[in-house]
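Q: Structure provided below as structure tokens; questions to follow.
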Amino acid sequence: MRVAEPPATALLGFVDTVGPVAAAARVRAAEVSSAVLAETSSRRHLDLAESDLADAAHLGARLVIPEDEEWPGWQLLCLSAASDRGQRWAGSALGLWARGTASMADMFDRAVSVVGARSATSYGEHVATEVGYGLAAAGMTVVSGAAYGIDGSAHRGALSADGVTVAVLGCGVDHAYPAGHTTLLDRIADRGLVLSEYPPGTTPAKYRFLVRNRLIAALSSGTVVVEAGVRSGARNTATTAAGLGKVVLAVPGPITSAMSVGCHDLLRTGGALLAGSVAEILEAVGPVGEHLVDRPDGPRRHTDGLGEAALRVYEALHRRAARSTAQVAVESGVSLDRVRALLPELELTGLAERCEEGWRQAPGS
């Protein structure tokens with residue numbers, strides 16, 4: 001994990017072929033293919049395994065590898081599949097450094113990623129908090145990146161619901177990044193996990209946050225974008241999630257807000273489903289049939305159920321002045337014989353009333 005910058009797809013394939021122990025020895029000796037050598041040549045001399053494990057233990061963190069029972073192999077399988085299709089950005093992880101006592105074993109079976117802009121608006125932060133709270137209250141693990149703005153709000157919302165939340169970092173788990181979220185990351189580790197594929201001591205870098213976005217997308221059933229610019233890390237995560245075959249949802253915002261342009265573009269181009277509520281998110285990402293949303297019915301009209309001809313006859317009647325059957329036929333365009341048959345039916349349903357002068361709409365209909 002020290003000798004290559006993720007996602008090192010050639011190294012991953014080599015490890016899968018010969019095993020990690022043999023791969024480590026051959027990488028140090030440069031007895032590898034040119035593709036593996038290109039990924040490892042600048043760092044193959046590094047051998048910090050013992051110190052990395054010691055540093056992690058000092059932090060209360062551990063290294064989780066594919067051979068461990070809690071390894072989220074099913075969730076990360078989509079990365080391997082995408083890599084096999086030639087998507088070089090989609091390589092899986094050699095291992096995950098985990099800070100926190102919670103087990104990954106079942107944590108990602110019901111998980112939703114919530115991402116968005118760092119410079120979020122008050123609207124975006126409010127929505128992200130509500131989404132994080134609602135998802136956690138429904139038993140979902142909330143996955144995000146612990147950044148300022150939407151990420152932090154989603155984490156806080158989940159914690160407020162006494163739920164489980166996971167932060168995936170683009171640096172070592174020993175780095176509290178951003179520094180202003182030190183306390184938040186401690187709270188996340190208490191209830192969930194702080195994860196990274198980068199060894200302890202790895203410093204934050206912009207490209208590493210883009211790389212870690214594939215893990216945020218892969219570890220959940222779907223990704224919700226609350227606010228995002230057209231070119232942004234959140235939009236990158238949404239594109240990655242779609243490329244992995246995951247559900248992508250976007251929260252609409254004011255059309256005047258620059259922070260909602262990315263969400264609106266996803267919705268306009270069909271790149272995301274509209275997320276209008278927590279219930280709609282749960283319906284989209286939850287197990288089939290478990291979180292079905294009851295569609296609100298509009299107000300029922302007294303004329304509901306009438307056929308086209310009957311409705312035209314009813315609307316040809318006046319509320320006060322009575323009309324003859326001939327007048328109703330002319331007004332409605334329905335044949336006279338048909339009008340004579342329909343008017344008694346309307347009377348039986350309480351919609352029409354017979355009087356000395358002819359027919360009119362029944363009072364209160």
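Just so we're on the same page: first chain in the structure tokens is A, next is B, and so on; residues restart at 1 for each chain, and ligands are numbered from 1 in the order they show up.
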What's the 10 Å shell around region 238-241 of chain A, counting only C-alpha atoms, without same-chain residues fewer than 5 positions away, as a ChimeraX atom specification?
A: /A:78-79,89-90,113-116,213-225,228,232-233,246-250,263,266,271-272
Q: Mind writing the picked residues with C-alpha atoms as a compact mmCIF listing (two decimals), in the first residue's frame?
A:
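To be explicit, this is the file written out as out_12.txt:
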```
# COMPACT_ATOMS: atom_id res chain seq x y z
CA CYS A 78 -18.16 -2.94 -8.69
CA LEU A 79 -14.75 -1.23 -8.77
CA TRP A 89 -9.93 5.16 -12.36
CA ALA A 90 -11.97 2.33 -10.88
CA SER A 113 -23.59 8.43 0.15
CA VAL A 114 -24.42 12.12 0.58
CA VAL A 115 -22.09 14.58 -1.14
CA GLY A 116 -22.09 18.21 -2.17
CA ASN A 213 -14.49 9.65 -4.36
CA ARG A 214 -14.68 6.27 -6.07
CA LEU A 215 -14.76 4.61 -2.62
CA ILE A 216 -17.54 6.94 -1.42
CA ALA A 217 -19.54 5.97 -4.51
CA ALA A 218 -18.76 2.25 -4.28
CA LEU A 219 -19.49 1.69 -0.59
CA SER A 220 -23.17 2.60 -0.83
CA SER A 221 -26.26 1.65 -2.81
CA GLY A 222 -26.69 5.16 -4.14
CA THR A 223 -25.33 8.70 -4.06
CA VAL A 224 -27.31 11.83 -3.25
CA VAL A 225 -25.93 15.16 -4.50
CA ALA A 228 -22.71 20.99 -6.63
CA SER A 232 -16.83 19.90 -8.72
CA GLY A 233 -15.82 16.97 -6.57
CA LYS A 246 -25.20 2.93 -8.69
CA VAL A 247 -28.34 5.02 -8.23
CA VAL A 248 -27.68 8.76 -8.42
CA LEU A 249 -30.10 11.34 -7.03
CA ALA A 250 -29.90 15.13 -7.02
CA CYS A 263 -27.64 19.27 -9.57
CA LEU A 266 -27.67 16.18 -13.67
CA GLY A 271 -27.87 11.77 -15.00
CA ALA A 272 -29.79 11.66 -11.74
```
Q: Write out as a ChimeraX atom specification each polymer residue whose atoms come within 9 Å of region 335-339 of chain A, counting only C-alpha atoms; drop sequence neighbours fewer than 5 positions from it.
A: /A:309-310,313,325-326,328-330
Q: Go ahead and write the residues just picked, N, CA and C atoms, as a PDB file, in the first residue's frame.
A:
```pdb
ATOM      1  N   ALA A 309     -68.961  11.753 -22.305  1.00  0.00           N
ATOM      2  CA  ALA A 309     -70.267  12.283 -22.700  1.00  0.00           C
ATOM      3  C   ALA A 309     -71.039  12.784 -21.486  1.00  0.00           C
ATOM      4  N   ALA A 310     -71.007  12.016 -20.389  1.00  0.00           N
ATOM      5  CA  ALA A 310     -71.734  12.410 -19.180  1.00  0.00           C
ATOM      6  C   ALA A 310     -71.168  13.702 -18.614  1.00  0.00           C
ATOM      7  N   VAL A 313     -72.435  16.615 -20.702  1.00  0.00           N
ATOM      8  CA  VAL A 313     -73.847  16.896 -20.402  1.00  0.00           C
ATOM      9  C   VAL A 313     -73.959  17.640 -19.080  1.00  0.00           C
ATOM     10  N   THR A 325     -83.876  19.411 -22.514  1.00  0.00           N
ATOM     11  CA  THR A 325     -82.968  18.384 -23.040  1.00  0.00           C
ATOM     12  C   THR A 325     -82.401  18.798 -24.391  1.00  0.00           C
ATOM     13  N   ALA A 326     -83.239  19.482 -25.196  1.00  0.00           N
ATOM     14  CA  ALA A 326     -82.760  19.926 -26.512  1.00  0.00           C
ATOM     15  C   ALA A 326     -81.637  20.947 -26.358  1.00  0.00           C
ATOM     16  N   VAL A 328     -79.620  21.226 -23.800  1.00  0.00           N
ATOM     17  CA  VAL A 328     -78.444  20.519 -23.285  1.00  0.00           C
ATOM     18  C   VAL A 328     -77.726  19.798 -24.429  1.00  0.00           C
ATOM     19  N   ALA A 329     -78.475  19.200 -25.328  1.00  0.00           N
ATOM     20  CA  ALA A 329     -77.875  18.493 -26.451  1.00  0.00           C
ATOM     21  C   ALA A 329     -77.079  19.448 -27.332  1.00  0.00           C
ATOM     22  N   VAL A 330     -77.663  20.636 -27.609  1.00  0.00           N
ATOM     23  CA  VAL A 330     -76.974  21.617 -28.441  1.00  0.00           C
ATOM     24  C   VAL A 330     -75.701  22.111 -27.757  1.00  0.00           C
TER      25      VAL A 330
END
```
Q: Skip Ala61 (chain A) itself and residues of its chain fewer than 6 positions away, then list as a list in words all residues within 8 Å of it, counting only C-alpha atoms.
A: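 Returned residues: Trp97, Ala98, Arg99, Gly100 and Val173 of chain A.
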Q: For the selection just defined, write its residues with C-alpha atoms to a file, as a short mmCIF file (atom, residue, chain, number, x, y, z; two decimals), in the first residue's frame.
A:
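Ended up saving to result-v6.cif:
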```cif
data_model
loop_
_atom_site.label_atom_id
_atom_site.label_comp_id
_atom_site.auth_asym_id
_atom_site.auth_seq_id
_atom_site.Cartn_x
_atom_site.Cartn_y
_atom_site.Cartn_z
CA TRP A 97 -7.22 1.81 7.31
CA ALA A 98 -10.13 2.09 9.73
CA ARG A 99 -10.38 4.31 12.77
CA GLY A 100 -13.26 3.34 15.04
CA VAL A 173 -6.60 8.54 9.19
#
```
Q: Could you name the residues that touch Ser51 (chain A) at 12 Å or less, counting only C-alpha atoms, but leaving out those on the same chain fewer than 3 positions away, as a list in words?
A: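 Neighbouring residues, sequence-local ones excluded: Arg2, Leu46, Asp47, Leu48, Ala54, Asp55, Ala56, Ala57, His58, Pro199, Pro200 and Gly201 of chain A.
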Q: Just to be explicit: take each residue in the selection above, keep N, CA, C and O atoms, and write the result as a PDB file, in the first residue's frame.
A:
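Final file, again.pdb:
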```pdb
ATOM      1  N   ARG A   2       2.122   1.135   0.359  1.00  0.00           N
ATOM      2  CA  ARG A   2       3.019   2.280   0.370  1.00  0.00           C
ATOM      3  C   ARG A   2       3.647   2.555  -0.985  1.00  0.00           C
ATOM      4  O   ARG A   2       4.045   3.674  -1.267  1.00  0.00           O
ATOM      5  N   LEU A  46      10.442   1.607  -0.256  1.00  0.00           N
ATOM      6  CA  LEU A  46       9.840   1.891   1.055  1.00  0.00           C
ATOM      7  C   LEU A  46       9.365   0.602   1.718  1.00  0.00           C
ATOM      8  O   LEU A  46       8.690  -0.219   1.100  1.00  0.00           O
ATOM      9  N   ASP A  47       9.700   0.428   2.983  1.00  0.00           N
ATOM     10  CA  ASP A  47       9.246  -0.727   3.755  1.00  0.00           C
ATOM     11  C   ASP A  47       8.888  -0.237   5.152  1.00  0.00           C
ATOM     12  O   ASP A  47       9.695  -0.296   6.077  1.00  0.00           O
ATOM     13  N   LEU A  48       7.683   0.288   5.276  1.00  0.00           N
ATOM     14  CA  LEU A  48       7.254   0.922   6.518  1.00  0.00           C
ATOM     15  C   LEU A  48       6.075   0.175   7.150  1.00  0.00           C
ATOM     16  O   LEU A  48       5.333   0.743   7.948  1.00  0.00           O
ATOM     17  N   ALA A  54       2.051   0.179  13.697  1.00  0.00           N
ATOM     18  CA  ALA A  54       2.240   0.719  15.047  1.00  0.00           C
ATOM     19  C   ALA A  54       1.589   2.091  15.172  1.00  0.00           C
ATOM     20  O   ALA A  54       0.927   2.385  16.176  1.00  0.00           O
ATOM     21  N   ASP A  55       1.764   2.928  14.157  1.00  0.00           N
ATOM     22  CA  ASP A  55       1.153   4.263  14.179  1.00  0.00           C
ATOM     23  C   ASP A  55      -0.369   4.153  14.206  1.00  0.00           C
ATOM     24  O   ASP A  55      -1.045   4.900  14.915  1.00  0.00           O
ATOM     25  N   ALA A  56      -0.899   3.224  13.427  1.00  0.00           N
ATOM     26  CA  ALA A  56      -2.344   3.042  13.400  1.00  0.00           C
ATOM     27  C   ALA A  56      -2.857   2.573  14.758  1.00  0.00           C
ATOM     28  O   ALA A  56      -3.879   3.073  15.261  1.00  0.00           O
ATOM     29  N   ALA A  57      -2.172   1.629  15.354  1.00  0.00           N
ATOM     30  CA  ALA A  57      -2.589   1.113  16.661  1.00  0.00           C
ATOM     31  C   ALA A  57      -2.575   2.218  17.701  1.00  0.00           C
ATOM     32  O   ALA A  57      -3.442   2.278  18.581  1.00  0.00           O
ATOM     33  N   HIS A  58      -1.588   3.095  17.617  1.00  0.00           N
ATOM     34  CA  HIS A  58      -1.495   4.221  18.557  1.00  0.00           C
ATOM     35  C   HIS A  58      -2.703   5.139  18.423  1.00  0.00           C
ATOM     36  O   HIS A  58      -3.149   5.742  19.406  1.00  0.00           O
ATOM     37  N   PRO A 199      -1.949   5.155   3.833  1.00  0.00           N
ATOM     38  CA  PRO A 199      -1.311   4.812   5.115  1.00  0.00           C
ATOM     39  C   PRO A 199      -1.194   6.027   6.035  1.00  0.00           C
ATOM     40  O   PRO A 199      -1.235   7.179   5.572  1.00  0.00           O
ATOM     41  N   PRO A 200      -1.068   5.792   7.328  1.00  0.00           N
ATOM     42  CA  PRO A 200      -0.865   6.902   8.267  1.00  0.00           C
ATOM     43  C   PRO A 200       0.295   7.786   7.823  1.00  0.00           C
ATOM     44  O   PRO A 200       1.316   7.299   7.329  1.00  0.00           O
ATOM     45  N   GLY A 201       0.127   9.064   7.995  1.00  0.00           N
ATOM     46  CA  GLY A 201       1.169  10.006   7.612  1.00  0.00           C
ATOM     47  C   GLY A 201       0.974  10.606   6.244  1.00  0.00           C
ATOM     48  O   GLY A 201       1.613  11.606   5.902  1.00  0.00           O
TER      49      GLY A 201
END
```
Q: Just asking: which residues within region 204-239 of chain A are helix (DSSP H, G or I) according to DSSP, as number ranges by chain?
A: A: 206-218, 233-239
Q: Residues within 8 Å of region 177-186 of chain A, please, as JSON, numbers by chain. Count only C-alpha atoms; anything in the same chain fewer than 5 positions from it doesn't count.
A: {"A": [146, 147, 148, 152, 156, 167, 169, 171, 194, 204]}
Q: To one decimal place, how far is CA of Ala136 (chain A) from CA of Arg268 (chain A) in Å?
A: 28.8 Å
Q: Name the residues of region 76-278 of chain A that fall into strand (DSSP E) according to DSSP on the backbone, using the chain letters and numbers of this document, as a ChimeraX atom specification.
A: /A:96-99,111-115,141-144,165-168,193-196,222-225,247-250,273-274
Q: Nearest residue to Gly157 (chain A) out of A:Val131, A:Ala176, A:Ala321, A:Leu274, using only C-alpha atoms?
A: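 For Gly157 (chain A), the nearest of the candidates is A:Val131.
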Q: Counting only C-alpha atoms, what is within 10 Å of His45 (chain A), bar same-chain residues fewer than 4 positions away, as a PDB file with C-alpha atoms, in the first residue's frame?
A:
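The result, written out as result_39.pdb:
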```pdb
ATOM      1  CA  ARG A   2       3.019   2.280   0.370  1.00  0.00           C
ATOM      2  CA  VAL A   3       4.643   1.643  -2.977  1.00  0.00           C
ATOM      3  CA  VAL A  27       8.160  -5.352  -6.322  1.00  0.00           C
ATOM      4  CA  ARG A  28      11.173  -4.603  -4.075  1.00  0.00           C
ATOM      5  CA  ALA A  29      13.411  -6.566  -6.445  1.00  0.00           C
ATOM      6  CA  ALA A  30      11.851  -4.910  -9.521  1.00  0.00           C
ATOM      7  CA  THR A  40       5.941   1.373  -8.099  1.00  0.00           C
ATOM      8  CA  SER A  41       9.412   2.448  -9.266  1.00  0.00           C
TER       9      SER A  41
END
```
Q: Could you tell me which of A:Met140, A:Ile65, A:Ala117, A:Ala93 comes closest to Glu227 (chain A) if we count only C-alpha atoms?
A: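 Ranking A:Met140, A:Ile65, A:Ala117, A:Ala93 by distance to Glu227 (chain A), first place goes to A:Ala117.
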Q: Nearest residue to Gly139 (chain A) out of A:Arg340, A:Glu125, A:Thr17, A:Gly286, using only C-alpha atoms?
A: A:Gly286
